[in-house]
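Chemist: I have a structure here, written as structure tokens, and I will follow up with some questions on it.
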Amino acid sequence: MMETLQVLRGLLLLLVAGVCIEGYKPVIIVHGLFSGPEEYHTLIDNIKKAHPGTEVNAISLYNYAESTVPLKEQVKGFTKVLTDIMNKNPDGIHLLCYSQGGEICRGLLSTIPNHNVHTFIALSSPLAGQYGETEYLSQEFSASVKTEVHPLCYNKLGQLISICNYWKDPHHMSDYLQYNNFLPLLDGEKPHKDMEAWRKNFLRIKKLVLIGGPDDGVITPWQSSHFGFYDSNENVVEMRDQEFYKKDNFGLKTLDDRGDVSVCVRAGVKHTEWHSDYTVFSSCIEKWLT
């Protein structure tokens, strides 16, 4: 009799565990600039320890030097991989996108009809653009100061480099709008025929999580990770005062009005530490990956 009860208890525990495991949606990680999937082992381990049985996939595509390929091309490549993953997971997935990967994920969420992404987590991403001197900038350009970058980026040749697709010089906005063929389209600052469809697609997400902080050292201004950016005097204009927010060009205001935008600020975290910092994971990420 006791042996039978023990077997039944064991079966019940397995059943309960199975139900819990099935409740966790797969997590798809999109890496950043000059990065690759093998750098996210700590993040993957944290996810699996917190939510046992979770399927985590750090996509291996456009790694390291190839991450400078134009973002339009990268979005097309990631679309093929992501669509296959979504088709295998009809109950939905989560997107966890680091740094430049956040821009790629914005492109994916805008251009894939009927996607089933539940939560989009942007981890220290230049969502509203980048304007500042960083280590990455010096690797790609010979220019030593930010004021010399815009003539390199704002032309057809410059737009063949991913960094230029979100380089947003607040002192040369007319050139930015004329030549940049990626970010102003996502933001709806450059009107196009697919704007309403892209907005509808983006609004399919159930939650938008924005993570960043003042000690990042790369994302400039750091508030870009929360959709803030400089005005022409390099004063930071917060998300809710941005024109693309007030006009609700791509659905950001609608998400916010729904209560589906979560902002997480963490001081003391450098740019390369966001995906390995346990405090960031436990306080900003973990609860959204269910």
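For the structure tokens, the naming scheme is as follows: chains receive sequential letters (A, B, ...) according to their order of presentation, residues are indexed from 1 within each chain, and ligands are indexed from 1 in presentation order.
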Once DSSP has gone over the backbone, tell me which residues of range 88-209 of chain A are in alpha helix (DSSP H), as a PyMOL selection string.
Modeler: chain A and resi 88+100-111+135-140+150-153+173-179+183-186+195-202
Chemist: May I have the residues within 7 Å of range 73-80 of chain A as a PDB file with C-alpha atoms, in the first residue's frame, using only C-alpha atoms and disregarding those fewer than 6 positions away in the same chain?
Modeler:
```pdb
ATOM      1  CA  ILE A 104      16.363  44.383 -35.023  1.00  0.00           C
ATOM      2  CA  GLY A 107      11.940  45.708 -37.130  1.00  0.00           C
ATOM      3  CA  LEU A 108      10.729  42.135 -36.675  1.00  0.00           C
TER       4      LEU A 108
END
```
Chemist: Hey, what's within 6 Å of range 41-55 of chain A if we count only C-alpha atoms and toss same-chain stuff fewer than 3 positions away? As a PyMOL selection string, please?
Modeler: chain A and resi 21+24+26+275-276
Chemist: How would the residues just chosen look if you wrote them out with N, CA, C and O atoms as an mmCIF file, in the first residue's frame?
Modeler:
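What follows is the written file part-v5.cif:
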```
data_model
loop_
_atom_site.group_PDB
_atom_site.id
_atom_site.type_symbol
_atom_site.label_atom_id
_atom_site.label_comp_id
_atom_site.auth_asym_id
_atom_site.auth_seq_id
_atom_site.Cartn_x
_atom_site.Cartn_y
_atom_site.Cartn_z
ATOM 1 N N ILE A 21 6.238 23.349 -16.483
ATOM 2 C CA ILE A 21 7.173 23.506 -17.588
ATOM 3 C C ILE A 21 6.447 23.967 -18.838
ATOM 4 O O ILE A 21 6.886 24.852 -19.557
ATOM 5 N N TYR A 24 5.736 27.819 -19.411
ATOM 6 C CA TYR A 24 6.744 28.802 -19.756
ATOM 7 C C TYR A 24 6.902 28.911 -21.264
ATOM 8 O O TYR A 24 7.188 27.932 -21.941
ATOM 9 N N PRO A 26 8.702 29.872 -24.767
ATOM 10 C CA PRO A 26 10.095 29.913 -25.204
ATOM 11 C C PRO A 26 10.631 31.344 -25.217
ATOM 12 O O PRO A 26 9.881 32.298 -25.480
ATOM 13 N N HIS A 275 23.498 41.588 -19.661
ATOM 14 C CA HIS A 275 22.977 40.235 -19.858
ATOM 15 C C HIS A 275 23.584 39.218 -18.896
ATOM 16 O O HIS A 275 23.149 38.058 -18.866
ATOM 17 N N SER A 276 24.586 39.631 -18.112
ATOM 18 C CA SER A 276 25.192 38.696 -17.146
ATOM 19 C C SER A 276 24.970 39.113 -15.696
ATOM 20 O O SER A 276 25.334 38.365 -14.779
#
```
Chemist: Neighbours of Ser224 in chain A within 9 Å (only C-alpha atoms; same-chain residues fewer than 2 positions away dropped), as a list in words?
Modeler: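 After dropping sequence-adjacent residues, the list is Ser124, Ser125, Pro126, Leu127, Ala128, Gly129, Gln130, Gly212, Ile219, Thr220, Pro221, Trp222, His226, Phe227, Gly228, Phe229, Tyr230, Glu238 and Met239 of chain A.
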Chemist: Limited to C-alpha atoms, could you put the picked residues into a file as a PDB file, in the first residue's frame?
Modeler:
```
ATOM      1  CA  SER A 124      19.981  48.382 -23.063  1.00  0.00           C
ATOM      2  CA  SER A 125      18.991  49.124 -26.663  1.00  0.00           C
ATOM      3  CA  PRO A 126      19.317  52.433 -28.558  1.00  0.00           C
ATOM      4  CA  LEU A 127      15.590  52.390 -29.265  1.00  0.00           C
ATOM      5  CA  ALA A 128      15.307  56.106 -29.981  1.00  0.00           C
ATOM      6  CA  GLY A 129      18.701  56.325 -31.679  1.00  0.00           C
ATOM      7  CA  GLN A 130      22.379  56.739 -30.853  1.00  0.00           C
ATOM      8  CA  GLY A 212      18.683  50.650 -19.154  1.00  0.00           C
ATOM      9  CA  ILE A 219      23.982  53.870 -25.303  1.00  0.00           C
ATOM     10  CA  THR A 220      23.944  57.648 -25.700  1.00  0.00           C
ATOM     11  CA  PRO A 221      21.899  59.195 -24.331  1.00  0.00           C
ATOM     12  CA  TRP A 222      21.258  56.270 -22.004  1.00  0.00           C
ATOM     13  CA  HIS A 226      13.580  54.031 -22.658  1.00  0.00           C
ATOM     14  CA  PHE A 227      12.697  55.889 -25.904  1.00  0.00           C
ATOM     15  CA  GLY A 228      14.106  59.207 -24.699  1.00  0.00           C
ATOM     16  CA  PHE A 229      16.456  61.264 -26.864  1.00  0.00           C
ATOM     17  CA  TYR A 230      18.205  64.598 -27.334  1.00  0.00           C
ATOM     18  CA  GLU A 238      11.740  61.791 -22.228  1.00  0.00           C
ATOM     19  CA  MET A 239       9.592  59.158 -23.961  1.00  0.00           C
TER      20      MET A 239
END
```
Chemist: Can you pull out every residue from range 38-262 of chain A that DSSP, working from the backbone, puts in strand (DSSP E or B), and format the result as JSON, numbers by chain?
Modeler: {"A": [56, 57, 58, 93, 94, 95, 96, 97, 98, 117, 118, 119, 120, 121, 122, 123, 130, 167, 207, 208, 209, 210, 211, 212, 229, 230, 236, 237, 261, 262]}
Chemist: Quick one: everything within 9 Å of Ser162 in chain A, counting only C-alpha atoms, minus sequence neighbours fewer than 6 positions away in the same chain. Send it as an MDAnalysis selection string.
Modeler: chainID A and resid 33 67:72 74 100
Chemist: For all heavy atoms, I'd like the residues from the last selection saved as a PDB file, in the first residue's frame.
Modeler:
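Full text of out.pdb as output:
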```
ATOM      1  N   LEU A  33      25.556  44.269 -31.221  1.00  0.00           N
ATOM      2  CA  LEU A  33      26.632  44.586 -32.151  1.00  0.00           C
ATOM      3  C   LEU A  33      27.941  43.933 -31.704  1.00  0.00           C
ATOM      4  O   LEU A  33      28.266  43.924 -30.510  1.00  0.00           O
ATOM      5  CB  LEU A  33      26.794  46.106 -32.223  1.00  0.00           C
ATOM      6  CG  LEU A  33      27.809  46.667 -33.206  1.00  0.00           C
ATOM      7  CD1 LEU A  33      27.382  46.385 -34.638  1.00  0.00           C
ATOM      8  CD2 LEU A  33      27.963  48.183 -32.986  1.00  0.00           C
ATOM      9  N   SER A  67      27.598  41.564 -37.804  1.00  0.00           N
ATOM     10  CA  SER A  67      26.534  42.348 -37.173  1.00  0.00           C
ATOM     11  C   SER A  67      26.478  43.775 -37.694  1.00  0.00           C
ATOM     12  O   SER A  67      25.552  44.527 -37.370  1.00  0.00           O
ATOM     13  CB  SER A  67      26.733  42.379 -35.655  1.00  0.00           C
ATOM     14  OG  SER A  67      27.910  43.083 -35.306  1.00  0.00           O
ATOM     15  N   THR A  68      27.461  44.161 -38.528  1.00  0.00           N
ATOM     16  CA  THR A  68      27.440  45.496 -39.125  1.00  0.00           C
ATOM     17  C   THR A  68      26.678  45.526 -40.450  1.00  0.00           C
ATOM     18  O   THR A  68      26.555  46.584 -41.067  1.00  0.00           O
ATOM     19  CB  THR A  68      28.870  46.010 -39.359  1.00  0.00           C
ATOM     20  OG1 THR A  68      29.554  45.122 -40.250  1.00  0.00           O
ATOM     21  CG2 THR A  68      29.636  46.110 -38.050  1.00  0.00           C
ATOM     22  N   VAL A  69      26.165  44.374 -40.870  1.00  0.00           N
ATOM     23  CA  VAL A  69      25.337  44.310 -42.075  1.00  0.00           C
ATOM     24  C   VAL A  69      24.114  45.219 -41.876  1.00  0.00           C
ATOM     25  O   VAL A  69      23.612  45.362 -40.746  1.00  0.00           O
ATOM     26  CB  VAL A  69      24.894  42.845 -42.334  1.00  0.00           C
ATOM     27  CG1 VAL A  69      23.766  42.761 -43.337  1.00  0.00           C
ATOM     28  CG2 VAL A  69      26.099  42.026 -42.796  1.00  0.00           C
ATOM     29  N   PRO A  70      23.603  45.874 -42.927  1.00  0.00           N
ATOM     30  CA  PRO A  70      22.447  46.766 -42.771  1.00  0.00           C
ATOM     31  C   PRO A  70      21.296  46.090 -42.036  1.00  0.00           C
ATOM     32  O   PRO A  70      21.021  44.900 -42.247  1.00  0.00           O
ATOM     33  CB  PRO A  70      22.059  47.093 -44.211  1.00  0.00           C
ATOM     34  CG  PRO A  70      23.305  46.894 -44.994  1.00  0.00           C
ATOM     35  CD  PRO A  70      24.055  45.789 -44.321  1.00  0.00           C
ATOM     36  N   LEU A  71      20.624  46.838 -41.174  1.00  0.00           N
ATOM     37  CA  LEU A  71      19.584  46.244 -40.339  1.00  0.00           C
ATOM     38  C   LEU A  71      18.395  45.741 -41.151  1.00  0.00           C
ATOM     39  O   LEU A  71      17.746  44.786 -40.740  1.00  0.00           O
ATOM     40  CB  LEU A  71      19.126  47.254 -39.283  1.00  0.00           C
ATOM     41  CG  LEU A  71      20.181  47.605 -38.230  1.00  0.00           C
ATOM     42  CD1 LEU A  71      19.566  48.466 -37.139  1.00  0.00           C
ATOM     43  CD2 LEU A  71      20.804  46.347 -37.623  1.00  0.00           C
ATOM     44  N   LYS A  72      18.116  46.360 -42.270  1.00  0.00           N
ATOM     45  CA  LYS A  72      17.029  45.840 -43.119  1.00  0.00           C
ATOM     46  C   LYS A  72      17.325  44.404 -43.534  1.00  0.00           C
ATOM     47  O   LYS A  72      16.429  43.548 -43.524  1.00  0.00           O
ATOM     48  CB  LYS A  72      16.867  46.716 -44.367  1.00  0.00           C
ATOM     49  CG  LYS A  72      16.043  47.968 -44.161  1.00  0.00           C
ATOM     50  CD  LYS A  72      15.795  48.653 -45.489  1.00  0.00           C
ATOM     51  CE  LYS A  72      14.860  49.836 -45.330  1.00  0.00           C
ATOM     52  NZ  LYS A  72      14.594  50.513 -46.629  1.00  0.00           N
ATOM     53  N   GLN A  74      19.373  42.327 -41.970  1.00  0.00           N
ATOM     54  CA  GLN A  74      19.347  41.486 -40.786  1.00  0.00           C
ATOM     55  C   GLN A  74      17.915  41.135 -40.393  1.00  0.00           C
ATOM     56  O   GLN A  74      17.636  39.992 -40.000  1.00  0.00           O
ATOM     57  CB  GLN A  74      20.070  42.176 -39.629  1.00  0.00           C
ATOM     58  CG  GLN A  74      21.562  42.337 -39.847  1.00  0.00           C
ATOM     59  CD  GLN A  74      22.318  42.610 -38.561  1.00  0.00           C
ATOM     60  OE1 GLN A  74      22.121  41.931 -37.564  1.00  0.00           O
ATOM     61  NE2 GLN A  74      23.189  43.613 -38.587  1.00  0.00           N
ATOM     62  N   GLN A 100      21.974  46.550 -30.012  1.00  0.00           N
ATOM     63  CA  GLN A 100      21.488  46.676 -31.385  1.00  0.00           C
ATOM     64  C   GLN A 100      20.380  45.673 -31.690  1.00  0.00           C
ATOM     65  O   GLN A 100      19.505  45.928 -32.526  1.00  0.00           O
ATOM     66  CB  GLN A 100      22.651  46.484 -32.369  1.00  0.00           C
ATOM     67  CG  GLN A 100      22.258  46.567 -33.826  1.00  0.00           C
ATOM     68  CD  GLN A 100      23.437  46.412 -34.761  1.00  0.00           C
ATOM     69  OE1 GLN A 100      24.120  47.379 -35.093  1.00  0.00           O
ATOM     70  NE2 GLN A 100      23.701  45.188 -35.212  1.00  0.00           N
TER      71      GLN A 100
END
```
Chemist: Within 6 Å of range 179-201 of chain A, which residues of range 49-136 of chain A come that close, and what is the closest atom pair and distance in Å for each? Count only C-alpha atoms and give it as JSON lines.
Modeler:
```
{"residue": "A:Ser110", "atom": "CA", "partner": "A:Trp198", "partner_atom": "CA", "distance": 4.4}
{"residue": "A:Thr111", "atom": "CA", "partner": "A:Trp198", "partner_atom": "CA", "distance": 5.7}
{"residue": "A:Pro113", "atom": "CA", "partner": "A:Asn201", "partner_atom": "CA", "distance": 5.7}
```
Chemist: Between A:Leu152, A:Ile29, A:Ile161, A:Leu255, which is the closest to Asn57 in chain A once you count only C-alpha atoms?
Modeler: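 So, comparing all the options, the nearest one is A:Ile29.
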Chemist: With only C-alpha atoms as the atoms that count, which of A:Ala58, A:Ser35, A:Val263, A:Thr119 lies nearest to Thr290 in chain A?
Modeler: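 Among the listed residues, A:Thr119 lies closest to Thr290 in chain A.
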Chemist: Measuring atom to atom with only C-alpha atoms, identify which of A:Leu61, A:Val280, A:Val30, A:Val81 is nearest to Leu96 in chain A.
Modeler: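 Comparing A:Leu61, A:Val280, A:Val30, A:Val81 against Leu96 in chain A, the winner is A:Val30.
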Chemist: Provide the CA of Arg258 in chain A to CA of Ala122 in chain A distance in Å, to one decimal place.
Modeler: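 Computed distance, CA of Arg258 in chain A to CA of Ala122 in chain A, equals 18.4 Å.
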Chemist: Can you tell me how far CA of Ser283 in chain A sits from CA of Lys207 in chain A, in Å to one decimal?
Modeler: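 Interatomic distance, CA of Ser283 in chain A to CA of Lys207 in chain A: 16.0 Å.
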Chemist: Excluding Ile121 in chain A and residues on its chain fewer than 3 positions from it, collect all residues at most 12 Å away from it, counting only C-alpha atoms, and give them as a ChimeraX atom specification.
Modeler: /A:27-30,93-99,101-103,105-106,109,117-118,124-125,127,205-212,225-226,260-264,275,281,284-289
Chemist: Looking at only C-alpha atoms, which of A:Lys88, A:Val56, A:Leu157, A:Leu203 is the one that sits closest to Asn114 in chain A?
Modeler: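 Closest residue, counting only C-alpha atoms: A:Leu203.
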Chemist: Between A:Gly23, A:Gly132, A:Gly92, A:Pro214, which is the closest to Asn116 in chain A once you count only C-alpha atoms?
Modeler: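 Closest to Asn116 in chain A, using only C-alpha atoms: A:Gly92.
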